[in-house]
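Worksheet for the structure shown next.
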Amino acid sequence: MSDYDVIVIGGGPAGLAAATSARGEGKRSVLVIERDQKLGGILNQCIHNGFGLITFNEELTGPEYAARYEKLARDAGVEFLLDTMVLDVSPDHMVTCVSEARGMQRISAGAVVLAMGCRERPRGALNIPGFRPAGVYTAGTAQRLVNIEGLMPGREVVILGSGDIGLIMARRMTLEGAHVACVAELMPYSGGLKRNIVQCLDDFGIPLLLSHTVTRVEGKRRVEAVWIAQVDEKGRPVAGTEKRYPCDTLLLSVGLLPENELSRAAGVELSRVTRGPVVNESLETSVPGIFACGNVLHVHDLVDYVSQEATAAGAAAGAWADACAQHQAHDEEPGIPVVAEGGVRYTVPQSIDPERMPEKLTVRFRVGGVYEDKRICVYLGDERVIAKRRPILVPGEMEDVTLKREDLLARPGLEKIVVTLEEA
Amino acid sequence: MQEKERRYDVVVIGAGVSGCATARELAKTTASVCVVEREDDVCCGTSKANSAIVHAGYDAMPGSLMARLNVEGNALMYELAKKLQFTVKNIGSLVVCTSEHDIDSLRELFARGVANGVPDLQIVDRDTLRSMEPNISPNAVGALWAPTAGIVDPFGLNVALAENAATNGVEFLFDAPVTAIERRPDGGFALETPRGRILARCLVNAAGVYADQIHNMVCEDKLEIVPRRGQYMLLDTTAGNHVHHVVFALPSKMGKGVLVSPTIHGNLIVGPTAEDIQDKEGTDTTAAGLAEVAEKCGITVADVPLREVITSFSGLRAHRAEHEFLIGENPSAPGFVDCSAIESPGLTASPAIGRMVAGIVTNILGLEGRPAGEFVDTRRGIPNMNDLSFEQWGSLCEENPLYGRVICRCCHVTEAQIVDAIHRPVGARSLDGVKRRTGACMGRCQAGFCTPKIMEILSRELPDVTMENVTKAGPGSEFIEGHAKDSIAREDRA
């Protein structure tokens with residue numbers, strides 16, 4: 001007998017939706033363990049609007065969106081441990097955690113949902129030459145300082161990387177009276193949402209320098225300037241294009257990395273592309289009874305999709321826990337692999353068992369470059385079952401296709417499912 | 001800030017590892033001792049940015065001070081680590097030979113090590129090497145195996161020496177660069193610093209890359225210290241097991257070449273370069289330097305996972321042309337003791353350097369030892385949660401619930417450790433100070449999540465520190481420029 005039917009690691013948007021869904025109308029005991037003092041995760045510092053257009057059909061701020069899901073979870077009777085850090089999840093679902101209030105604890109679960117989110121890629125990972133002074137922040141750290149602490153990290157700002165948080169912070173710093181000189185992006189396209197480029201850069205006259213990067217940081221104690229150069233198609237700085245930007249602050253928005261240290265220690269197989277767990281149609285990882293959703297699984301663009309995915313993961317974890325409690329054997333047959341081809345970088349899930357999948361299953365993915373006028377195609381064996389026309393596809397925006405269970409069941413012996421791009 | 005004139009028997013200039021080792025040894029005497037440091041903390045120069053290796057001692061020329069103090073320091077280091085509770089790991093080192101033509105050089109190195117008194121040296125063949133290091137380069141033909149070598153927490157060593165010195169009565173004065181030194185009629189010295197004038201009967205010059213400036217203020221002969229820059233890359237703990245020993249390439253004229261080694265924090269370190277530069281503050285990295293490290297680490301080790309890099313940094317070795325430590329009382333300046341040109345293997349040698357320099361000062365001033373039992377020769381370290389069992393961590397939480405509040409997620413550093421680091425003798429005052437004492441911020445997020453939390457703890461625990469003036473590493477490195485809405489308030493007033 002486990003302490004809880006389902007334990008959810010992380011109380012951000014993914015964890016809250018997964019927990020609510022796992023609760024199954026009060027049928028199961030569900031515990032969320034959150035390391036911060038508040039639920040809501042990174043949404044708490046995202047005070048701009050634009051959240052929830054799909055889920056609630058209105059434009060909410062991050063804290064508002066989080067509050068709605070927190071209320072849903074609380075009303076559903078989910079239990080919470082806040083200010084509590086999970087140190088270990090064992091393959092047999094024993095969760096070890098520590099907190100100021102209760103010290104060290106071990107809590108067992110029927111099933112576990114991983115919902116730890118992601119972290120920002122730091123400067124070091126880019127190996128930008130120069131000094132290591134104060135004044136270099138990831139965009140998310142700056143966002144916390146400004147929005148939560150009410151403190152300004154700087155006045156003259158350069159932003160490297162055009163991820164969504166960087167774009168949002170370009171506008172935020174400008175609104176707070178700072179001057180943002182430019183956003184430099186290594187790639188020939190932005191990593192963020194189109195709407196953020198328009199609303200956060202274009203509307204404020206902030207230049208976006210594509211195919212540019214920071215080549216040097218000046219200033220021993222505090223940033224004094226950064227050098228920006230154009231890069232060639234391989235991302236190498238082009239000699240003679242270096243320009244010096246005097247500034248006191250360099251913000252980085254150069255990628256988000258799923259935070260899978262606990263998953264790795266639990267023996268969960270990770271994808272080299274998403275850096276998140278490899279999952280099947282139930283969003284179950286390679287370790288039976290451990291599920292994953294949200295940004296720990298793959299980095300999302302919209303929180304609405306996180307909520308959808310987490311709801312599915314929570315329900316699957318709940319069902320798993322039920323079966324476990326009734327000592328039913330789990331079907332561990334490997335599913336049909338979903339293969340990403342022709343510009344599709346990855347898919348989530350990576351395999352599907354038609355017997356276990358719901359009537360309709362959303363497969364999410366991102367493309368590896370900018371593509372115009374293409375069709376997103378799905379092949380079941382040799383047969384094309386989906387051909388969805390898209391005028392533009394960009395790496396910053398997540399795509400999806402919906403597979404029907406009946407289509408898969410109608411093709412016994414199916415060896416692979418291919419998601420690919422073709423000319424329109 | 002002008003303060004009162006201070007008077008000591010001995011002033012040590014520089015709170016790096018040699019200065020603090022010397023101060024700790026002097027604390028065993030009845031002398032009054034002050035360590036004067038230009039930065040805001042101990043371990044801010046060469047001591048903080050190096051390979052963090054406990055060298056065995058086969059590199060330096062037989063008969064040199066470097067050779068003697070390296071071998072002595074190596075033996076002392078492991079003992080000292082127990083007493084002062086900092087981390088060393090005796091993992092051994094391999095000098096890898098990648099060409100049959102160079103086997104003679106390897107034998108030469110072996111013979112030099114034997115002459116220097118390095119114990120247990122051995123030349124291992126290709127197969128043995130491969131079984132010790134499965135990721136060794138396919139070109140490797142053999143290696144010099146030195147089981148006494150190891151890795152050390154350089155910050156831990158430096159902080160432990162300083163704390164223990166302070167516990168035994170040594171004073172520390174930070175943010176106090178020495179701007180002038182005057183010879184006094186009584187034979188002593190008067191030092192000018194922005195924090196006031198300091199009088200000393202005897203001076204120890206442990207000023208690292210600035211040791212030439214200090215030396216030349218007092219001595220007739222002129223010293224030149226060249227900052228020899230070394231650039232490094234640090235890889236995530238996921239790469240920490242790529243090698244299991246310190247792996248060197250055969251040394252060249254410019255140093256020991258690029259090494260690949262685990263660190264005591266579980267990361268993998270690769271580097272350094274060796275470039276002679278002019279700027280004594282030139283701790284920046286360069287594209288060329290990092291590219292060189294990336295290329296050269298592949299000479300001895302295959303498939304170093306460079307994509308796991310989490311940070312890169314530079315350190316400056318205090319090099320002089322003679323490539324030898326300069327330790328001793330200057331003939332032209334009685335009472336002025338150099339502890340200069342301490343480049344590699346200075347970190348390893350530091351416990352022996354401290355003894356030697358303190359011995360010289362003791363002779364000059366005719367110092368007496370303190371009564372038996374008065375010198376506290378042990379120190380309680382800050383616990384590392386990752387080394388503790390569930391029960392051990394749990395009982396610490398019962399003692400102090402703040403051991404249950406994890407502040408640095410990547411490295412599992414708790415609020416209790418950070419508060420402890422702040423309130424110790426010679427405690428942390430900046431984010432980097434906390435980092436060096438606790439290991440916080442050293443993980444894969446590189447302080448992204450914990451910076452604001454550590455800022456809050458520093459401003460809560462230290463009376464003169466606020467959120468607005470918390471620094472990364474002392475004055476001039478403030479994190480915060482002002483308050484949000486400041487500009488709006490300004491416009492309103494206008």
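So you can find residues: chains in the structure tokens are A, B, ... in the order shown, residues in each start at 1, and ligands are numbered from 1 in order.
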
Do you know which residues are at most 9 Å from Ala312 of chain A counting only C-alpha atoms, after dropping those on the same chain fewer than 2 positions away, and could you put them as a PyMOL selection string? chain A and resi 17-18+21-22+282-283+293+307-310+314-317

Write the residues of the preceding selection, restricted to C-alpha atoms, as a short mmCIF file (atom, residue, chain, number, x, y, z; two decimals), in the first residue's frame.
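Output contents, as saved in part-v9.cif:
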data_model
loop_
_atom_site.label_atom_id
_atom_site.label_comp_id
_atom_site.auth_asym_id
_atom_site.auth_seq_id
_atom_site.Cartn_x
_atom_site.Cartn_y
_atom_site.Cartn_z
CA ALA A 17 -3.13 20.02 -14.28
CA ALA A 18 -1.67 16.53 -13.92
CA SER A 21 -6.66 15.00 -13.53
CA ALA A 22 -5.00 12.18 -11.54
CA SER A 282 0.30 7.41 -22.16
CA LEU A 283 3.25 9.81 -21.59
CA CYS A 293 4.51 16.16 -18.90
CA SER A 307 -2.13 21.89 -19.44
CA GLN A 308 -3.59 19.62 -22.11
CA GLU A 309 -0.60 17.31 -22.05
CA ALA A 310 -0.45 17.24 -18.25
CA GLY A 314 -2.29 12.70 -14.86
CA ALA A 315 -5.15 10.53 -16.08
CA ALA A 316 -2.73 7.88 -17.32
CA ALA A 317 -0.82 7.91 -14.03
#

For chain A, list the residues within 9 Å of chain B, counting only C-alpha atoms, and write the list as a ChimeraX atom specification. /A:35,83-85,87,96,98-105,119-135,137-138,140-141,144-147,149-155,175-178,215-218,220-223,261

Can you work out which one of B:Tyr232, B:Tyr58, B:Tyr210, B:Phe375 has the shortest atom-to-atom distance to Asp338 of chain B, counting only C-alpha atoms?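 Ranking B:Tyr232, B:Tyr58, B:Tyr210, B:Phe375 by distance to Asp338 of chain B, first place goes to B:Tyr210.
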
Tell me which protein, DNA and RNA residues are within 8 Å of Lys222 of chain B, counting only C-alpha atoms, leaving out same-chain ones fewer than 6 positions away, and put them as an mmCIF file with N, CA, C and O atoms, in the first residue's frame.
data_model
loop_
_atom_site.group_PDB
_atom_site.id
_atom_site.type_symbol
_atom_site.label_atom_id
_atom_site.label_comp_id
_atom_site.auth_asym_id
_atom_site.auth_seq_id
_atom_site.Cartn_x
_atom_site.Cartn_y
_atom_site.Cartn_z
ATOM 1 N N ASP B 212 55.475 41.682 -7.766
ATOM 2 C CA ASP B 212 56.587 42.515 -8.253
ATOM 3 C C ASP B 212 56.404 43.970 -7.824
ATOM 4 O O ASP B 212 57.356 44.635 -7.404
ATOM 5 N N HIS B 215 57.277 44.105 -4.135
ATOM 6 C CA HIS B 215 58.721 43.879 -4.006
ATOM 7 C C HIS B 215 59.497 45.151 -4.385
ATOM 8 O O HIS B 215 60.389 45.593 -3.657
ATOM 9 N N ASN B 216 59.099 45.726 -5.512
ATOM 10 C CA ASN B 216 59.855 46.859 -6.041
ATOM 11 C C ASN B 216 59.637 48.150 -5.248
ATOM 12 O O ASN B 216 60.381 49.109 -5.399
#

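Interatomic distance, atom CA of Gly12 of chain A to atom CA of Val78 of chain A: 13.8 Å.
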
What are the DSSP strand (DSSP E or B) residues of segment 51-104 of chain A, as a PyMOL selection string? chain A and resi 51+60-61+79-81+84-89+94-99+103-104

For Glu329 of chain B, which residue out of B:Ala302, B:Ile264, B:Cys219, B:Cys34 is the nearest one, using only C-alpha atoms?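 The closest residue to Glu329 of chain B is B:Cys219.
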
Could you pull the residues within 6 Å of segment 392-405 of chain A, counting only C-alpha atoms, minus those fewer than 3 positions along the same chain, as a list in words? Gly191, Gly192, Leu193, Glu359, Lys360, Leu361, Thr362, Val363, Arg364, Phe365, Arg366, Val367, Gly368, Gly369, Val370, Tyr371, Glu372, Asp373 and Leu408 of chain A

Quick one: residues within 6 Å of segment 355-372 of chain B, only C-alpha atoms, excluding same-chain residues fewer than 6 positions away - as JSON, numbers by chain? {"B": [22, 25, 26, 28, 29, 30]}

Determine, counting only C-alpha atoms, which protein, DNA and RNA residues have an atom within 12 Å of an atom of Ala14 of chain A; residues of the same chain fewer than 3 positions away are not included. Present the result as number ranges by chain. A: 8-11, 17-22, 32, 34, 39-43, 65-66, 69-70, 73, 113-118, 291-300, 302-314

So that I can check the surroundings of Ala81 of chain B, please list as a VMD selection string every protein, DNA and RNA residue that reaches within 10 Å of it, counting only C-alpha atoms and ignoring chain neighbours fewer than 4 positions away. chain B and resid 76 to 77 85 to 89 152 to 153 156 to 157 160 378 to 379 381

Would you write out those residues with all heavy atoms, as a compact mmCIF listing (two decimals), in the first residue's frame?
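Output below, filename result_7.txt:
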# COMPACT_ATOMS: atom_id res chain seq x y z
N LEU B 76 51.83 16.93 3.07
CA LEU B 76 51.12 17.68 4.11
C LEU B 76 49.64 17.86 3.78
O LEU B 76 48.79 17.92 4.67
CB LEU B 76 51.75 19.07 4.27
CG LEU B 76 53.16 19.13 4.89
CD1 LEU B 76 53.71 20.55 4.79
CD2 LEU B 76 53.09 18.70 6.36
N MET B 77 49.33 17.97 2.47
CA MET B 77 47.98 18.34 2.04
C MET B 77 46.92 17.36 2.56
O MET B 77 45.87 17.78 3.06
CB MET B 77 47.93 18.39 0.52
CG MET B 77 46.62 18.92 -0.06
SD MET B 77 46.38 20.68 0.27
CE MET B 77 47.43 21.41 -0.97
N GLN B 85 39.20 20.02 7.44
CA GLN B 85 37.95 19.62 6.79
C GLN B 85 37.65 20.34 5.48
O GLN B 85 36.60 20.95 5.31
CB GLN B 85 36.77 19.77 7.77
CG GLN B 85 36.92 18.85 8.97
CD GLN B 85 35.63 18.67 9.75
OE1 GLN B 85 34.63 19.32 9.47
NE2 GLN B 85 35.65 17.78 10.72
N PHE B 86 38.61 20.29 4.57
CA PHE B 86 38.31 20.66 3.18
C PHE B 86 38.51 19.39 2.35
O PHE B 86 39.03 18.39 2.86
CB PHE B 86 39.19 21.82 2.70
CG PHE B 86 40.66 21.56 2.75
CD1 PHE B 86 41.32 21.00 1.67
CD2 PHE B 86 41.41 21.88 3.88
CE1 PHE B 86 42.68 20.74 1.72
CE2 PHE B 86 42.77 21.64 3.94
CZ PHE B 86 43.41 21.06 2.85
N THR B 87 38.06 19.44 1.10
CA THR B 87 38.02 18.20 0.34
C THR B 87 39.25 18.00 -0.53
O THR B 87 39.59 18.88 -1.33
CB THR B 87 36.77 18.18 -0.57
OG1 THR B 87 35.66 18.63 0.20
CG2 THR B 87 36.49 16.79 -1.09
N VAL B 88 39.91 16.87 -0.37
CA VAL B 88 40.90 16.42 -1.35
C VAL B 88 40.53 15.00 -1.72
O VAL B 88 39.92 14.28 -0.93
CB VAL B 88 42.36 16.42 -0.83
CG1 VAL B 88 42.89 17.80 -0.60
CG2 VAL B 88 42.51 15.56 0.40
N LYS B 89 40.91 14.62 -2.92
CA LYS B 89 40.74 13.22 -3.30
C LYS B 89 42.03 12.76 -3.93
O LYS B 89 42.52 13.35 -4.88
CB LYS B 89 39.58 13.08 -4.31
CG LYS B 89 38.23 13.15 -3.66
CD LYS B 89 37.12 12.89 -4.66
CE LYS B 89 35.75 13.15 -4.03
NZ LYS B 89 34.73 13.42 -5.03
N VAL B 152 41.91 18.82 -5.37
CA VAL B 152 41.59 19.51 -4.13
C VAL B 152 40.56 20.60 -4.43
O VAL B 152 40.46 21.08 -5.56
CB VAL B 152 42.88 20.12 -3.50
CG1 VAL B 152 43.53 21.13 -4.44
CG2 VAL B 152 42.61 20.76 -2.14
N ASP B 153 39.80 20.95 -3.41
CA ASP B 153 38.91 22.11 -3.50
C ASP B 153 39.76 23.34 -3.18
O ASP B 153 40.08 23.57 -2.01
CB ASP B 153 37.78 21.95 -2.49
CG ASP B 153 36.88 23.17 -2.41
OD1 ASP B 153 37.14 24.15 -3.14
OD2 ASP B 153 35.94 23.15 -1.61
N GLY B 156 38.12 25.71 -0.81
CA GLY B 156 38.00 25.09 0.50
C GLY B 156 39.31 25.15 1.26
O GLY B 156 39.34 25.48 2.45
N LEU B 157 40.40 24.85 0.57
CA LEU B 157 41.73 24.91 1.18
C LEU B 157 42.04 26.33 1.66
O LEU B 157 42.42 26.55 2.81
CB LEU B 157 42.79 24.45 0.15
CG LEU B 157 44.25 24.79 0.45
CD1 LEU B 157 44.71 24.11 1.73
CD2 LEU B 157 45.14 24.37 -0.72
N ALA B 160 39.71 27.44 4.48
CA ALA B 160 40.00 26.71 5.71
C ALA B 160 41.24 27.28 6.39
O ALA B 160 41.26 27.48 7.61
CB ALA B 160 40.20 25.23 5.41
N THR B 378 42.48 22.50 14.46
CA THR B 378 41.42 21.89 13.65
C THR B 378 40.33 22.90 13.36
O THR B 378 40.24 23.94 14.02
CB THR B 378 40.78 20.69 14.38
OG1 THR B 378 40.30 21.16 15.64
CG2 THR B 378 41.78 19.57 14.59
N ARG B 379 39.53 22.58 12.38
CA ARG B 379 38.42 23.46 11.99
C ARG B 379 37.27 22.56 11.57
O ARG B 379 37.49 21.53 10.93
CB ARG B 379 38.86 24.33 10.82
CG ARG B 379 37.72 24.93 10.04
CD ARG B 379 38.18 25.24 8.62
NE ARG B 379 37.13 25.83 7.82
CZ ARG B 379 36.57 25.22 6.76
NH1 ARG B 379 36.94 24.01 6.42
NH2 ARG B 379 35.63 25.82 6.09
N GLY B 381 34.42 21.91 9.14
CA GLY B 381 34.06 22.32 7.78
C GLY B 381 32.56 22.53 7.63
O GLY B 381 31.78 22.20 8.53

One decimal, Å: what's the distance from atom CA of Asn116 of chain B over to atom CA of Pro62 of chain B, could you say? 5.4 Å

In Å, rounded to a single decimal, give me how far atom CA of Ala49 of chain B is from atom CA of Gly439 of chain B.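 Computing the Euclidean distance for atom CA of Gly439 of chain B and atom CA of Ala49 of chain B yields 14.6 Å.
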